[in-house]
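Text of entry33.txt, listed as compact mmCIF, C-alpha atoms:
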# COMPACT_ATOMS: atom_id res chain seq x y z
CA MET U 175 38.12 12.95 8.31
CA SER U 176 38.71 12.93 12.03
CA GLY U 177 36.73 15.30 14.20
CA PHE U 178 37.41 17.39 17.26
CA VAL U 179 35.69 19.80 19.63
CA VAL U 180 36.73 23.38 20.29
CA TRP U 181 34.78 24.63 23.30
CA PHE U 182 34.50 28.34 24.11
CA THR U 183 33.76 29.17 27.75
CA GLY U 184 33.46 32.58 29.34
CA LEU U 185 31.15 35.20 30.76
CA SER U 186 28.07 36.50 29.02
CA ALA U 187 29.15 39.15 26.47
CA ALA U 188 32.77 37.95 26.56
CA GLY U 189 32.67 37.48 22.78
CA LYS U 190 32.37 33.68 22.65
CA SER U 191 29.75 33.40 19.88
CA THR U 192 31.32 36.07 17.70
CA ILE U 193 34.78 34.52 17.84
CA ALA U 194 33.36 31.00 17.50
CA GLY U 195 31.51 32.09 14.36
CA LEU U 196 34.69 33.47 12.81
CA VAL U 197 36.63 30.30 13.66
CA ALA U 198 33.84 28.19 12.13
CA GLN U 199 33.96 30.35 8.98
CA GLU U 200 37.71 29.91 8.63
CA LEU U 201 37.48 26.12 9.07
CA GLU U 202 34.66 25.89 6.52
CA ALA U 203 36.73 27.91 4.08
CA ARG U 204 39.35 25.17 4.41
CA GLY U 205 36.77 22.53 3.51
CA VAL U 206 36.37 21.20 7.04
CA LEU U 207 32.86 20.01 7.95
CA VAL U 208 31.83 22.21 10.87
CA ASP U 209 28.90 21.98 13.24
CA ARG U 210 28.17 24.76 15.70
CA LEU U 211 26.53 24.21 19.06
CA ASP U 212 25.80 27.64 20.38
CA GLY U 213 24.38 27.98 23.89
CA ASP U 214 21.27 29.86 22.82
CA ILE U 215 20.46 27.58 19.89
CA VAL U 216 21.02 24.52 22.03
CA ARG U 217 18.62 25.85 24.62
CA THR U 218 15.94 25.91 21.91
CA HIS U 219 16.56 22.44 20.48
CA LEU U 220 17.93 20.36 23.33
CA SER U 221 17.14 22.06 26.58
CA LYS U 222 13.81 23.83 26.25
CA GLY U 223 12.34 24.06 29.72
CA LEU U 224 15.67 24.07 31.53
CA GLY U 225 16.45 27.11 33.66
CA PHE U 226 19.63 28.49 35.15
CA SER U 227 19.87 26.62 38.45
CA LYS U 228 23.12 24.72 39.03
CA GLU U 229 21.34 21.45 38.23
CA ASP U 230 19.77 22.75 35.02
CA ARG U 231 23.02 24.34 33.88
CA ASP U 232 24.82 21.04 34.47
CA THR U 233 22.17 19.15 32.51
CA ASN U 234 22.46 21.62 29.65
CA ILE U 235 26.26 21.27 29.50
CA GLU U 236 26.03 17.50 29.79
CA ARG U 237 23.71 17.40 26.76
CA ILE U 238 25.95 19.68 24.72
CA GLY U 239 28.92 17.50 25.67
CA TRP U 240 27.09 14.33 24.71
CA VAL U 241 26.01 15.65 21.31
CA ALA U 242 29.43 17.25 20.66
CA SER U 243 31.22 13.99 21.43
CA ARG U 244 29.08 12.06 18.96
CA LEU U 245 29.43 14.67 16.23
CA ALA U 246 33.21 14.72 16.64
CA ARG U 247 33.26 10.93 16.51
CA ALA U 248 31.35 11.16 13.22
CA GLY U 249 34.08 13.43 11.88
CA ALA U 250 32.78 16.96 12.43
CA ALA U 251 34.74 19.94 13.72
CA VAL U 252 32.38 20.90 16.52
CA VAL U 253 32.45 24.53 17.63
CA VAL U 254 30.72 24.98 20.99
CA SER U 255 30.04 28.32 22.65
CA ALA U 256 28.39 28.27 26.04
CA ILE U 257 29.05 30.13 29.29
CA SER U 258 29.66 26.71 30.93
CA PRO U 259 30.61 28.28 34.26
CA TYR U 260 31.26 25.11 36.29
CA ASP U 261 34.57 23.30 36.21
CA GLU U 262 33.14 19.86 36.91
CA ALA U 263 30.61 20.03 34.08
CA ARG U 264 33.29 21.17 31.63
CA ARG U 265 35.57 18.33 32.72
CA LYS U 266 32.80 15.78 32.19
CA ALA U 267 32.23 17.10 28.66
CA ARG U 268 35.97 16.89 28.00
CA ALA U 269 36.17 13.29 29.26
CA LEU U 270 33.28 12.24 27.03
CA VAL U 271 34.80 13.85 23.94
CA GLU U 272 38.31 12.59 24.65
CA GLU U 273 37.10 8.98 24.46
CA HIS U 274 37.32 9.47 20.69
CA SER U 275 38.54 12.94 19.72
CA PRO U 276 40.67 15.93 20.69
CA PHE U 277 39.06 18.54 22.96
CA VAL U 278 40.34 22.11 22.96
CA LEU U 279 39.05 24.38 25.70
CA VAL U 280 39.27 28.09 24.92
CA HIS U 281 38.70 30.43 27.84
CA VAL U 282 37.46 33.72 26.46
CA ALA U 283 38.88 35.66 29.38
CA THR U 284 37.29 39.05 28.86
CA SER U 285 37.14 40.81 32.23
CA ILE U 286 33.77 41.25 33.89
CA GLU U 287 34.26 45.00 33.83
CA GLU U 288 34.54 44.92 30.05
CA CYS U 289 31.57 42.51 29.72
CA GLU U 290 29.47 44.87 31.84
CA ARG U 291 30.54 47.80 29.68
CA ARG U 292 29.46 45.96 26.52
CA ASP U 293 26.27 44.41 27.94
CA PRO U 294 24.61 44.11 24.48
CA LYS U 295 21.40 42.59 25.83
CA GLY U 296 21.24 44.69 28.99
CA LEU U 297 21.48 41.55 31.11
CA TYR U 298 24.15 42.78 33.53
CA ALA U 299 22.05 45.89 34.22
CA MET U 300 19.03 43.68 34.90
CA ALA U 301 21.07 41.40 37.16
CA HIS U 302 22.34 44.38 39.18
CA ALA U 303 18.79 45.71 39.45
CA GLY U 304 17.71 42.32 40.83
CA GLU U 305 15.38 41.75 37.86
CA ILE U 306 17.10 38.48 36.96
CA HIS U 307 18.73 36.07 39.36
CA GLY U 308 21.48 33.49 39.16
CA PHE U 309 23.39 35.51 36.59
CA THR U 310 26.95 34.30 36.03
CA GLY U 311 29.53 36.71 37.43
CA ILE U 312 26.97 38.66 39.46
CA ASP U 313 25.15 36.28 41.79
CA ASP U 314 26.26 32.95 40.32
CA PRO U 315 29.91 31.85 40.11
CA TYR U 316 32.11 31.59 37.05
CA GLU U 317 34.81 29.05 37.83
CA GLU U 318 37.85 30.03 35.77
CA PRO U 319 39.26 26.98 34.00
CA ARG U 320 42.74 25.81 34.95
CA ASP U 321 42.73 23.24 32.15
CA ALA U 322 42.19 25.53 29.16
CA GLU U 323 44.31 24.84 26.08
CA LEU U 324 44.09 28.57 25.36
CA THR U 325 43.33 31.61 27.49
CA LEU U 326 42.20 34.31 25.13
CA HIS U 327 42.50 37.96 26.12
CA THR U 328 40.13 39.85 23.85
CA GLU U 329 40.53 43.40 25.09
CA GLY U 330 42.41 45.59 22.63
CA ARG U 331 41.95 42.95 19.91
CA THR U 332 39.41 42.71 17.12
CA PRO U 333 37.30 39.52 16.99
CA GLU U 334 39.18 38.65 13.78
CA GLU U 335 42.52 38.84 15.63
CA SER U 336 41.15 36.68 18.45
CA ALA U 337 39.82 34.12 15.95
CA ALA U 338 43.21 33.95 14.25
CA ILE U 339 44.85 33.13 17.60
CA VAL U 340 42.36 30.29 18.14
CA VAL U 341 42.95 28.87 14.66
CA ALA U 342 46.72 29.01 15.20
CA ARG U 343 46.30 27.06 18.46
CA LEU U 344 44.11 24.49 16.69
CA GLU U 345 46.82 24.09 14.07
CA GLU U 346 49.23 23.18 16.87
CA LEU U 347 46.90 20.83 18.73
CA ALA U 348 44.93 19.19 15.91
CA PRO U 349 46.99 19.75 12.76
CA ASP U 350 45.42 16.97 10.70
CA GLU U 351 41.89 17.99 11.64
CA VAL U 352 42.19 21.62 10.51
CA ALA U 353 44.39 21.13 7.46
CA ALA U 354 43.20 22.95 4.36
CA MET D 102 31.36 9.50 3.50
CA SER D 103 27.78 10.66 3.20
CA GLY D 104 25.40 9.93 6.06
CA PHE D 105 21.76 8.92 6.35
CA VAL D 106 19.14 8.11 8.97
CA VAL D 107 17.26 4.85 9.30
CA TRP D 108 14.42 5.38 11.76
CA PHE D 109 12.60 2.42 13.35
CA THR D 110 9.08 3.18 14.61
CA GLY D 111 6.62 0.76 16.19
CA LEU D 112 4.92 -0.36 19.37
CA SER D 113 6.74 -1.19 22.57
CA ALA D 114 8.13 -4.76 22.29
CA ALA D 115 7.74 -4.75 18.49
CA GLY D 116 11.43 -5.61 18.13
CA LYS D 117 12.75 -2.18 17.08
CA SER D 118 15.91 -2.10 19.22
CA THR D 119 16.87 -5.70 18.52
CA ILE D 120 16.55 -5.31 14.76
CA ALA D 121 18.21 -1.87 14.86
CA GLY D 122 21.15 -3.38 16.74
CA LEU D 123 21.61 -6.09 14.12
CA VAL D 124 21.40 -3.57 11.28
CA ALA D 125 23.99 -1.39 13.04
CA GLN D 126 26.27 -4.42 13.44
CA GLU D 127 26.02 -5.28 9.75
CA LEU D 128 26.79 -1.69 8.70
CA GLU D 129 29.76 -1.52 11.06
CA ALA D 130 31.07 -4.78 9.66
CA ARG D 131 31.11 -3.03 6.27
CA GLY D 132 33.21 -0.20 7.70
CA VAL D 133 30.37 2.32 7.89
CA LEU D 134 30.54 4.75 10.83
CA VAL D 135 27.34 4.11 12.77
CA ASP D 136 25.72 6.01 15.60
CA ARG D 137 22.71 4.61 17.42
CA LEU D 138 20.05 6.75 19.00
CA ASP D 139 17.90 4.38 20.99
CA GLY D 140 14.79 5.72 22.68
CA ASP D 141 15.79 4.60 26.16
CA ILE D 142 19.37 5.87 25.92
CA VAL D 143 18.20 9.16 24.50
CA ARG D 144 15.81 9.59 27.39
CA THR D 145 18.83 9.41 29.72
CA HIS D 146 21.09 11.81 27.86
CA LEU D 147 18.81 14.23 26.06
CA SER D 148 15.41 14.08 27.62
CA LYS D 149 15.79 13.40 31.32
CA GLY D 150 12.75 14.85 33.03
CA LEU D 151 10.43 14.46 30.06
CA GLY D 152 7.39 12.26 30.54
CA PHE D 153 4.98 10.60 28.14
CA SER D 154 2.40 13.33 27.52
CA LYS D 155 1.83 14.24 23.88
CA GLU D 156 3.89 17.40 24.34
CA ASP D 157 6.81 15.60 26.01
CA ARG D 158 6.79 12.81 23.44
CA ASP D 159 6.88 15.42 20.67
CA THR D 160 9.79 17.22 22.35
CA ASN D 161 11.67 13.94 22.71
CA ILE D 162 11.21 13.06 19.03
CA GLU D 163 12.11 16.58 17.97
CA ARG D 164 15.40 16.31 19.87
CA ILE D 165 16.23 12.92 18.41
CA GLY D 166 15.44 14.29 14.95
CA TRP D 167 17.64 17.32 15.51
CA VAL D 168 20.62 15.29 16.72
CA ALA D 169 20.12 12.62 14.04
CA SER D 170 20.04 15.26 11.29
CA ARG D 171 23.33 16.77 12.45
CA LEU D 172 25.03 13.39 12.82
CA ALA D 173 23.94 12.35 9.33
CA ARG D 174 25.19 15.67 7.96
CA ALA D 175 28.56 14.89 9.60
CA GLY D 176 28.62 11.57 7.72
CA ALA D 177 27.27 9.02 10.18
CA ALA D 178 24.82 6.24 9.48
CA VAL D 179 22.33 7.05 12.23
CA VAL D 180 20.19 4.20 13.49
CA VAL D 181 17.22 5.48 15.51
CA SER D 182 14.81 3.29 17.42
CA ALA D 183 11.94 4.99 19.20
CA ILE D 184 8.22 4.27 19.46
CA SER D 185 7.62 7.70 17.84
CA PRO D 186 3.86 7.18 17.74
CA TYR D 187 2.79 10.49 16.20
CA ASP D 188 2.79 11.06 12.47
CA GLU D 189 3.43 14.80 12.66
CA ALA D 190 6.51 14.44 14.88
CA ARG D 191 7.96 11.78 12.57
CA ARG D 192 7.37 13.99 9.53
CA LYS D 193 9.15 16.90 11.22
CA ALA D 194 12.15 14.69 11.94
CA ARG D 195 12.13 13.52 8.32
CA ALA D 196 12.01 17.09 7.00
CA LEU D 197 14.95 18.13 9.17
CA VAL D 198 17.08 15.16 8.07
CA GLU D 199 16.14 15.47 4.40
CA GLU D 200 17.63 18.97 4.28
CA HIS D 201 20.98 17.18 3.98
CA SER D 202 20.60 13.39 3.96
CA PRO D 203 18.40 10.42 3.06
CA PHE D 204 15.79 9.37 5.64
CA VAL D 205 14.48 5.80 5.67
CA LEU D 206 11.46 5.13 7.86
CA VAL D 207 11.04 1.48 8.86
CA HIS D 208 7.71 0.60 10.42
CA VAL D 209 8.24 -2.44 12.63
CA ALA D 210 4.65 -3.58 12.20
CA THR D 211 4.41 -6.30 14.83
CA SER D 212 0.76 -6.65 15.83
CA ILE D 213 -0.31 -5.43 19.24
CA GLU D 214 -1.48 -8.96 20.09
CA GLU D 215 2.05 -10.27 19.51
CA CYS D 216 3.63 -7.35 21.43
CA GLU D 217 1.32 -8.07 24.37
CA ARG D 218 2.26 -11.74 24.21
CA ARG D 219 5.98 -10.90 24.37
CA ASP D 220 5.72 -8.05 26.91
CA PRO D 221 9.35 -8.49 28.10
CA LYS D 222 9.14 -5.70 30.68
CA GLY D 223 5.57 -6.41 31.80
CA LEU D 224 4.50 -2.97 30.64
CA TYR D 225 1.37 -4.04 28.76
CA ALA D 226 0.19 -5.91 31.85
CA MET D 227 0.78 -2.82 33.95
CA ALA D 228 -1.03 -0.62 31.43
CA HIS D 229 -4.06 -2.95 31.41
CA ALA D 230 -4.05 -2.96 35.20
CA GLY D 231 -4.10 0.85 35.15
CA GLU D 232 -0.74 1.03 36.90
CA ILE D 233 0.77 3.10 34.11
CA HIS D 234 -1.05 5.58 31.92
CA GLY D 235 -0.61 6.99 28.44
CA PHE D 236 0.83 3.71 27.17
CA THR D 237 1.07 3.52 23.38
CA GLY D 238 -1.45 1.10 21.90
CA ILE D 239 -3.46 0.83 25.12
CA ASP D 240 -4.58 4.29 26.18
CA ASP D 241 -2.42 6.41 23.87
CA PRO D 242 -2.57 6.22 20.07
CA TYR D 243 -0.03 4.75 17.69
CA GLU D 244 -0.52 6.45 14.33
CA GLU D 245 0.56 3.96 11.69
CA PRO D 246 2.88 5.63 9.18
CA ARG D 247 1.70 5.96 5.59
CA ASP D 248 5.09 7.27 4.51
CA ALA D 249 7.30 4.35 5.57
CA GLU D 250 9.99 3.26 3.13
CA LEU D 251 9.59 -0.23 4.58
CA THR D 252 6.81 -1.97 6.48
CA LEU D 253 8.42 -4.84 8.30
CA HIS D 254 6.34 -7.83 9.35
CA THR D 255 8.33 -9.60 12.05
CA GLU D 256 6.01 -12.45 12.99
CA GLY D 257 7.32 -15.79 11.80
CA ARG D 258 10.74 -14.24 11.14
CA THR D 259 13.89 -14.23 13.21
CA PRO D 260 15.38 -10.82 14.08
CA GLU D 261 18.28 -11.71 11.77
CA GLU D 262 15.89 -12.25 8.87
CA SER D 263 14.15 -8.95 9.60
CA ALA D 264 17.50 -7.12 9.79
CA ALA D 265 18.53 -8.59 6.43
CA ILE D 266 15.33 -7.20 4.85
CA VAL D 267 16.15 -3.74 6.23
CA VAL D 268 19.72 -3.85 4.94
CA ALA D 269 18.47 -4.93 1.50
CA ARG D 270 16.09 -1.94 1.46
CA LEU D 271 18.93 0.40 2.50
CA GLU D 272 20.99 -0.97 -0.37
CA GLU D 273 18.19 0.08 -2.74
CA LEU D 274 17.60 3.53 -1.23
CA ALA D 275 21.11 4.59 -0.16
CA PRO D 276 23.50 2.37 -2.12
CA ASP D 277 26.56 4.61 -1.77
CA GLU D 278 26.04 5.10 1.95
CA VAL D 279 25.93 1.39 2.84
CA ALA D 280 28.53 0.11 0.38
CA ALA D 281 31.09 -2.24 1.87
The structure given in the file should be rewritten as structure tokens.
Amino acid sequence: MSGFVVWFTGLSAAGKSTIAGLVAQELEARGVLVDRLDGDIVRTHLSKGLGFSKEDRDTNIERIGWVASRLARAGAAVVVSAISPYDEARRKARALVEEHSPFVLVHVATSIEECERRDPKGLYAMAHAGEIHGFTGIDDPYEEPRDAELTLHTEGRTPEESAAIVVARLEELAPDEVAA
Amino acid sequence: MSGFVVWFTGLSAAGKSTIAGLVAQELEARGVLVDRLDGDIVRTHLSKGLGFSKEDRDTNIERIGWVASRLARAGAAVVVSAISPYDEARRKARALVEEHSPFVLVHVATSIEECERRDPKGLYAMAHAGEIHGFTGIDDPYEEPRDAELTLHTEGRTPEESAAIVVARLEELAPDEVAA
């Protein structure tokens, strides 16, 4: 089996992990071997000690890209969800993966207003109150990708509907890799 | 294809990377998908910034173990070479891998006298001169494994002969995984 990477980028609370989880479920149901690299889990296993400075964020994304590229090479469908706010870091991850495997960038383009409304962990409120610093979208930039294979508008859609759109795009871009 | 991990542990200059490289070559020649995780390369991609304290060494080995376990799960033959001096850290890596895949620990048991004689990077000389600290075998412990699947005596053998012994052991322990 040939692997690939589908990489979800977007603001905190945009819905990346939820949609990524549903996409992973659907692929597994088809018998595809899936590995998930979720930003929070990765920070525990690969990037403990790294913070949220530009340099540390770049290092974190570089590590995820490196591991994702090797897993895809080994044949896994790798489902990454990470804010990954910087264009250059995302492009480096793409280049590494594309040495061997397809790379599909999904921009979960939920508006910041909607993300702030959801704010499930209260992080936007804390960022506005100045209790946390360097928060993406508030006092740290989110560079919108211009190279996304899919720009996903989640507002007015259920996570299941969003996941179905991603799977349909994967069927176009990597038909052999996601075949049942 | 089902994956596994073969993990080379031993002193600096014991011959781990050389033998691991030959084993990887032989597996690739059989059509097995191989991924190498070599201590030095891993320190660049996964563990930049980590030093050689007990805590940092443990973190480094934990990361290698985590990545190796996922690669093996995806079907790769993962060839690790790392001093990995601490028994507990090696056992944690083994436990993680064995959730899905076989784990074969190879102790490259070259004596410290022979390693000091070779000293290709001059590190033992520097450690004795007090120019570097926390060097395994000099002023940091190497805990000999009691759970190795293979204890490899390299003195009086060429690297090719040592590699052939490892491959023969893999054929016993993971016959399906290394079949031509």
Chain D least-squares fitted onto chain U over all paired Cα atoms, as a short mmCIF file (atom, residue, chain, number, x, y, z; two decimals) with C-alpha atoms, in the frame of the given file:
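As a result, out-v6.cif now contains:
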data_model
loop_
_atom_site.label_atom_id
_atom_site.label_comp_id
_atom_site.auth_asym_id
_atom_site.auth_seq_id
_atom_site.Cartn_x
_atom_site.Cartn_y
_atom_site.Cartn_z
CA MET D 102 38.13 13.00 8.28
CA SER D 103 38.72 12.94 12.01
CA GLY D 104 36.71 15.30 14.19
CA PHE D 105 37.42 17.39 17.27
CA VAL D 106 35.69 19.80 19.63
CA VAL D 107 36.71 23.38 20.29
CA TRP D 108 34.78 24.62 23.31
CA PHE D 109 34.52 28.34 24.11
CA THR D 110 33.77 29.16 27.76
CA GLY D 111 33.47 32.60 29.34
CA LEU D 112 31.15 35.21 30.78
CA SER D 113 28.07 36.50 29.03
CA ALA D 114 29.15 39.16 26.47
CA ALA D 115 32.77 37.96 26.56
CA GLY D 116 32.68 37.49 22.78
CA LYS D 117 32.39 33.68 22.65
CA SER D 118 29.78 33.39 19.89
CA THR D 119 31.34 36.06 17.69
CA ILE D 120 34.80 34.51 17.85
CA ALA D 121 33.36 30.99 17.49
CA GLY D 122 31.51 32.10 14.36
CA LEU D 123 34.69 33.46 12.80
CA VAL D 124 36.63 30.30 13.65
CA ALA D 125 33.85 28.19 12.11
CA GLN D 126 33.96 30.34 8.96
CA GLU D 127 37.72 29.90 8.63
CA LEU D 128 37.48 26.12 9.07
CA GLU D 129 34.67 25.89 6.53
CA ALA D 130 36.71 27.91 4.07
CA ARG D 131 39.35 25.17 4.39
CA GLY D 132 36.77 22.51 3.51
CA VAL D 133 36.36 21.20 7.05
CA LEU D 134 32.85 20.00 7.95
CA VAL D 135 31.82 22.20 10.86
CA ASP D 136 28.90 21.98 13.24
CA ARG D 137 28.18 24.76 15.71
CA LEU D 138 26.55 24.20 19.06
CA ASP D 139 25.80 27.65 20.40
CA GLY D 140 24.39 27.98 23.89
CA ASP D 141 21.29 29.87 22.83
CA ILE D 142 20.47 27.58 19.90
CA VAL D 143 21.02 24.52 22.03
CA ARG D 144 18.63 25.86 24.63
CA THR D 145 15.95 25.91 21.91
CA HIS D 146 16.55 22.46 20.49
CA LEU D 147 17.93 20.37 23.33
CA SER D 148 17.14 22.07 26.57
CA LYS D 149 13.82 23.83 26.25
CA GLY D 150 12.34 24.05 29.73
CA LEU D 151 15.67 24.07 31.54
CA GLY D 152 16.45 27.11 33.66
CA PHE D 153 19.64 28.48 35.16
CA SER D 154 19.87 26.62 38.47
CA LYS D 155 23.11 24.72 39.05
CA GLU D 156 21.35 21.45 38.25
CA ASP D 157 19.79 22.75 35.02
CA ARG D 158 23.03 24.35 33.88
CA ASP D 159 24.82 21.04 34.50
CA THR D 160 22.17 19.15 32.52
CA ASN D 161 22.47 21.62 29.66
CA ILE D 162 26.26 21.27 29.51
CA GLU D 163 26.03 17.50 29.81
CA ARG D 164 23.72 17.41 26.78
CA ILE D 165 25.96 19.67 24.72
CA GLY D 166 28.93 17.49 25.68
CA TRP D 167 27.08 14.33 24.71
CA VAL D 168 26.01 15.65 21.31
CA ALA D 169 29.41 17.25 20.65
CA SER D 170 31.21 13.98 21.44
CA ARG D 171 29.06 12.05 18.97
CA LEU D 172 29.41 14.67 16.24
CA ALA D 173 33.19 14.71 16.64
CA ARG D 174 33.24 10.91 16.51
CA ALA D 175 31.32 11.16 13.21
CA GLY D 176 34.06 13.44 11.87
CA ALA D 177 32.78 16.97 12.43
CA ALA D 178 34.73 19.93 13.71
CA VAL D 179 32.37 20.91 16.53
CA VAL D 180 32.45 24.52 17.64
CA VAL D 181 30.72 24.98 21.01
CA SER D 182 30.04 28.31 22.64
CA ALA D 183 28.40 28.28 26.05
CA ILE D 184 29.06 30.13 29.30
CA SER D 185 29.66 26.70 30.93
CA PRO D 186 30.60 28.26 34.26
CA TYR D 187 31.25 25.11 36.29
CA ASP D 188 34.56 23.32 36.21
CA GLU D 189 33.14 19.86 36.92
CA ALA D 190 30.60 20.02 34.08
CA ARG D 191 33.30 21.15 31.63
CA ARG D 192 35.58 18.32 32.72
CA LYS D 193 32.80 15.78 32.18
CA ALA D 194 32.23 17.09 28.67
CA ARG D 195 35.97 16.88 28.01
CA ALA D 196 36.16 13.29 29.26
CA LEU D 197 33.27 12.23 27.03
CA VAL D 198 34.80 13.85 23.93
CA GLU D 199 38.31 12.59 24.65
CA GLU D 200 37.09 8.99 24.45
CA HIS D 201 37.29 9.46 20.68
CA SER D 202 38.52 12.94 19.72
CA PRO D 203 40.67 15.93 20.69
CA PHE D 204 39.05 18.54 22.96
CA VAL D 205 40.34 22.12 22.95
CA LEU D 206 39.05 24.38 25.70
CA VAL D 207 39.29 28.10 24.91
CA HIS D 208 38.72 30.42 27.84
CA VAL D 209 37.47 33.73 26.45
CA ALA D 210 38.88 35.67 29.39
CA THR D 211 37.28 39.07 28.86
CA SER D 212 37.13 40.83 32.23
CA ILE D 213 33.77 41.24 33.91
CA GLU D 214 34.25 45.03 33.84
CA GLU D 215 34.53 44.93 30.05
CA CYS D 216 31.56 42.52 29.72
CA GLU D 217 29.46 44.87 31.85
CA ARG D 218 30.54 47.80 29.69
CA ARG D 219 29.45 45.98 26.51
CA ASP D 220 26.26 44.41 27.93
CA PRO D 221 24.61 44.12 24.47
CA LYS D 222 21.39 42.59 25.82
CA GLY D 223 21.22 44.68 29.00
CA LEU D 224 21.47 41.55 31.10
CA TYR D 225 24.13 42.79 33.52
CA ALA D 226 22.02 45.88 34.21
CA MET D 227 19.02 43.68 34.88
CA ALA D 228 21.05 41.40 37.15
CA HIS D 229 22.33 44.37 39.18
CA ALA D 230 18.79 45.69 39.44
CA GLY D 231 17.70 42.30 40.80
CA GLU D 232 15.38 41.73 37.85
CA ILE D 233 17.09 38.48 36.95
CA HIS D 234 18.73 36.06 39.35
CA GLY D 235 21.48 33.47 39.16
CA PHE D 236 23.39 35.52 36.59
CA THR D 237 26.95 34.30 36.02
CA GLY D 238 29.52 36.70 37.43
CA ILE D 239 26.97 38.66 39.45
CA ASP D 240 25.14 36.29 41.78
CA ASP D 241 26.26 32.96 40.32
CA PRO D 242 29.90 31.86 40.11
CA TYR D 243 32.10 31.58 37.05
CA GLU D 244 34.82 29.05 37.85
CA GLU D 245 37.84 30.03 35.78
CA PRO D 246 39.26 26.98 34.00
CA ARG D 247 42.74 25.80 34.95
CA ASP D 248 42.72 23.24 32.15
CA ALA D 249 42.20 25.54 29.16
CA GLU D 250 44.31 24.85 26.08
CA LEU D 251 44.08 28.58 25.36
CA THR D 252 43.34 31.62 27.50
CA LEU D 253 42.20 34.31 25.13
CA HIS D 254 42.51 37.96 26.12
CA THR D 255 40.15 39.86 23.85
CA GLU D 256 40.55 43.42 25.10
CA GLY D 257 42.43 45.58 22.64
CA ARG D 258 41.95 42.95 19.92
CA THR D 259 39.42 42.71 17.13
CA PRO D 260 37.31 39.53 16.98
CA GLU D 261 39.20 38.65 13.79
CA GLU D 262 42.52 38.84 15.63
CA SER D 263 41.16 36.69 18.45
CA ALA D 264 39.81 34.12 15.96
CA ALA D 265 43.21 33.95 14.24
CA ILE D 266 44.86 33.14 17.60
CA VAL D 267 42.38 30.29 18.13
CA VAL D 268 42.95 28.87 14.66
CA ALA D 269 46.73 29.01 15.20
CA ARG D 270 46.31 27.06 18.45
CA LEU D 271 44.11 24.48 16.68
CA GLU D 272 46.82 24.09 14.07
CA GLU D 273 49.24 23.18 16.88
CA LEU D 274 46.90 20.81 18.73
CA ALA D 275 44.93 19.18 15.90
CA PRO D 276 46.99 19.76 12.75
CA ASP D 277 45.42 16.97 10.69
CA GLU D 278 41.89 17.98 11.62
CA VAL D 279 42.19 21.61 10.50
CA ALA D 280 44.40 21.12 7.45
CA ALA D 281 43.23 22.95 4.35
#
Quiz item: What lies within 10 Å of Ile339 in chain U using only C-alpha atoms, ignoring chain neighbours under 4 positions off, as a list in words?
Solution: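 Near Ile339 in chain U, the qualifying residues are Val197, Leu324, Leu326, Pro333, Glu334, Glu335, Arg343, Leu344 and Glu345 of chain U.
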Quiz item: Any idea what's packed within 10 Å of range 151-155 of chain D, counting all atoms listed in the file, ignoring anything in its chain fewer than 3 positions away? Could you give it as a PyMOL selection string?
Solution: (chain U and resi 223) or (chain D and resi 144-145+147-148+158-161+186-187+234-237+241-242)
Practice problem: Please work out which residues fall within 12 Å of (19.8, 22.3, 19.2), coordinates as given in the file, with only C-alpha atoms counting, and return them as a count of residues only. | Solution: 32
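Each of D:Ala175, D:Ala249, D:Ala121, D:Val279 was checked against Val206 in chain U using all atoms listed in the file; the smallest atom-to-atom distance is that of D:Ala175.
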Self-check item: Of the listed residues U:Thr192, U:Ser186, U:Gln199, U:Thr332, that which approaches Ile286 in chain U most closely, counting all atoms listed in the file
Solution: U:Ser186
Exercise. Have a look at U:Val179, U:Val252, U:Ala198, U:Leu185 and name the one nearest to chain D; count all atoms listed in the file.
Key: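 Closest residue, counting all atoms listed in the file: U:Val252.
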Exercise. Please provide as a PyMOL selection string all residues within 9 Å of Ala348 in chain U, with the sequence filter that same-chain residues fewer than 5 positions apart are discarded (counting all atoms listed in the file).
Key: chain U and resi 178+276+278+343+353
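Candidate residues U:Val208, U:Ala188, U:Leu201, U:Ala267 were compared for distance to Ala251 in chain U, and the nearest is U:Val208, using only C-alpha atoms.
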Exercise. Go through U:Ala246, U:Arg264, U:Glu323, U:Ala303 one by one, measure the shortest atom-to-atom distance of each to Ser176 in chain U using only C-alpha atoms, and give the residue with the smallest value.
Key: U:Ala246
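Closest approach to Phe204 in chain D among D:Ala114, D:Leu274, D:Ala130, D:Met227: D:Leu274, based on all atoms listed in the file.
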Practice problem: Excluding Thr183 in chain U and residues on its chain fewer than 2 positions from it, collect all residues at most 8 Å away from it, counting all atoms listed in the file, and give them as number ranges by chain. | Solution: U: 181, 185, 190, 255-259, 279-282
Exercise. Work out how far apart CA of Asp313 in chain U and CA of Leu297 in chain U are and give it in Å to one decimal.
Key: 12.5 Å
Quiz item: Hey, can you check how far CA of Gly184 in chain U sits from CA of Glu318 in chain U?
Solution: 8.2 Å
